[in-house]
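Okay, structure first, notes after.
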Amino acid sequence: MLLPAKAEVARQLRRYRAWERVMLASPHDRTVRSTFEDSGYTLCVLMGKRCAREAADAAERYLRSTPAGYLSEQDGRPRPGRMARRAQSPERRSTAPSP
(Lines give C-alpha, C1' and ligand atoms only; values in the text may rest on other atoms or scores of the structure.)
Protein backbone atom coordinates (compact mmCIF):
# COMPACT_ATOMS: atom_id res chain seq x y z
CA MET A 1 0.00 0.00 0.00
CA LEU A 2 1.31 3.41 -0.91
CA LEU A 3 1.35 6.02 1.82
CA PRO A 4 1.07 9.76 1.24
CA ALA A 5 3.86 12.14 2.20
CA LYS A 6 3.56 13.15 5.84
CA ALA A 7 3.96 16.82 4.90
CA GLU A 8 0.94 16.61 2.61
CA VAL A 9 -1.13 14.77 5.22
CA ALA A 10 -0.24 17.43 7.80
CA ARG A 11 -1.14 20.23 5.37
CA GLN A 12 -4.51 18.69 4.47
CA LEU A 13 -5.30 17.94 8.11
CA ARG A 14 -4.57 21.57 9.08
CA ARG A 15 -6.77 22.75 6.20
CA TYR A 16 -9.61 20.42 7.27
CA ARG A 17 -9.39 21.54 10.93
CA ALA A 18 -9.31 25.23 9.94
CA TRP A 19 -12.40 24.90 7.74
CA GLU A 20 -14.09 22.84 10.44
CA ARG A 21 -13.72 25.75 12.88
CA VAL A 22 -15.00 28.24 10.30
CA MET A 23 -17.95 25.99 9.45
CA LEU A 24 -18.88 25.61 13.12
CA ALA A 25 -18.83 29.39 13.47
CA SER A 26 -20.96 29.89 10.31
CA PRO A 27 -22.98 26.71 9.73
CA HIS A 28 -25.48 28.36 7.37
CA ASP A 29 -22.88 29.79 4.97
CA ARG A 30 -23.05 27.57 1.89
CA THR A 31 -19.63 28.58 0.59
CA VAL A 32 -17.99 27.74 3.91
CA ARG A 33 -19.83 24.42 4.14
CA SER A 34 -18.89 23.50 0.57
CA THR A 35 -15.21 24.29 1.17
CA PHE A 36 -15.27 22.33 4.43
CA GLU A 37 -16.81 19.33 2.67
CA ASP A 38 -14.22 19.58 -0.11
CA SER A 39 -11.40 19.57 2.44
CA GLY A 40 -12.96 16.53 4.12
CA TYR A 41 -13.25 14.73 0.80
CA THR A 42 -9.60 15.44 0.01
CA LEU A 43 -8.57 14.04 3.38
CA CYS A 44 -10.75 10.94 2.78
CA VAL A 45 -9.09 10.26 -0.56
CA LEU A 46 -5.64 10.86 0.88
CA MET A 47 -6.16 8.51 3.83
CA GLY A 48 -8.35 5.92 2.08
CA LYS A 49 -11.35 6.41 4.39
CA ARG A 50 -15.05 6.95 3.65
CA CYS A 51 -15.83 9.38 6.45
CA ALA A 52 -14.05 12.70 7.03
CA ARG A 53 -13.86 12.15 10.79
CA GLU A 54 -12.29 8.72 10.28
CA ALA A 55 -9.88 10.27 7.78
CA ALA A 56 -8.90 13.00 10.26
CA ASP A 57 -8.35 10.40 13.00
CA ALA A 58 -6.32 8.25 10.61
CA ALA A 59 -4.25 11.26 9.57
CA GLU A 60 -3.47 12.09 13.20
CA ARG A 61 -2.46 8.47 13.89
CA TYR A 62 -0.34 8.39 10.73
CA LEU A 63 1.48 11.59 11.68
CA ARG A 64 2.25 10.20 15.16
CA SER A 65 3.50 6.81 13.94
CA THR A 66 6.06 5.28 11.65
CA PRO A 67 4.82 4.15 8.24
CA ALA A 68 5.31 0.47 9.15
CA GLY A 69 3.48 0.91 12.45
CA TYR A 70 0.59 2.67 10.74
CA LEU A 71 0.29 -0.07 8.10
CA SER A 72 0.28 -2.85 10.66
CA GLU A 73 -2.36 -0.95 12.63
CA GLN A 74 -4.51 -0.67 9.50
CA ASP A 75 -4.12 -4.36 8.70
CA GLY A 76 -5.61 -5.35 12.01
CA ARG A 77 -2.87 -7.94 12.37
CA PRO A 78 -1.00 -8.12 15.66
CA ARG A 79 2.56 -6.91 15.69
CA PRO A 80 5.26 -9.55 16.05
CA GLY A 81 6.24 -10.23 19.63
CA ARG A 82 3.14 -8.59 21.06
CA MET A 83 0.79 -11.55 21.08
CA ALA A 84 -0.63 -12.57 24.40
CA ARG A 85 0.31 -16.02 25.59
CA ARG A 86 -2.57 -18.39 25.86
CA ALA A 87 -3.09 -20.24 29.09
CA GLN A 88 -2.48 -23.93 28.73
CA SER A 89 -5.69 -25.89 28.95
CA PRO A 90 -6.01 -28.55 31.69
CA GLU A 91 -6.18 -31.33 29.07
CA ARG A 92 -2.79 -30.39 27.66
CA ARG A 93 -0.96 -30.27 30.97
CA SER A 94 1.42 -32.99 31.89
CA THR A 95 -0.34 -36.11 33.19
CA ALA A 96 2.65 -37.29 35.22
CA PRO A 97 1.56 -38.64 38.61
CA SER A 98 2.29 -36.40 41.54
CA PRO A 99 4.53 -37.86 44.28
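In the C-alpha coordinates, chains take letters A, B, ... by order of appearance, with residues numbered from 1 within each chain and ligands from 1 in the order shown.
The list of residues with at least one atom within 12 Å of Glu20 (chain A), based on only C-alpha atoms and without residues fewer than 5 positions apart in the same chain, reads Leu13, Arg14, Arg15, Ala25, Ser26, Pro27, Val32, Arg33, Ser34, Thr35, Phe36, Glu37, Asp38, Ser39, Gly40, Ala52, Arg53 and Ala56 of chain A.
You can rank A:Val9, A:Met23, A:Leu71, A:Leu3 by their closest distance to Thr42 (chain A) using only C-alpha atoms, and at the top of that list sits A:Val9.
Of the listed residues (A:Val22, A:Leu63, A:Ala68, A:Ala10), A:Ala10 comes nearest to Leu43 (chain A); the distances count only C-alpha atoms.
Distance check against Gly48 (chain A) using only C-alpha atoms: of A:Leu2, A:Ala18, A:Glu60, A:Gln12, the minimum falls on A:Leu2.
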With distances taken over only C-alpha atoms, the candidate from A:Arg64, A:Arg17, A:Arg30, A:Lys6 nearest Met47 (chain A) is A:Lys6
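Of note, CA of Asp57 (chain A) and CA of Leu24 (chain A) are spaced 18.5 Å apart.
Relative to CA of Trp19 (chain A), CA of Gly69 (chain A) is found at 29.1 Å.
Here CA of Arg11 (chain A) is placed at a distance of 10.4 Å from CA of Ala59 (chain A).
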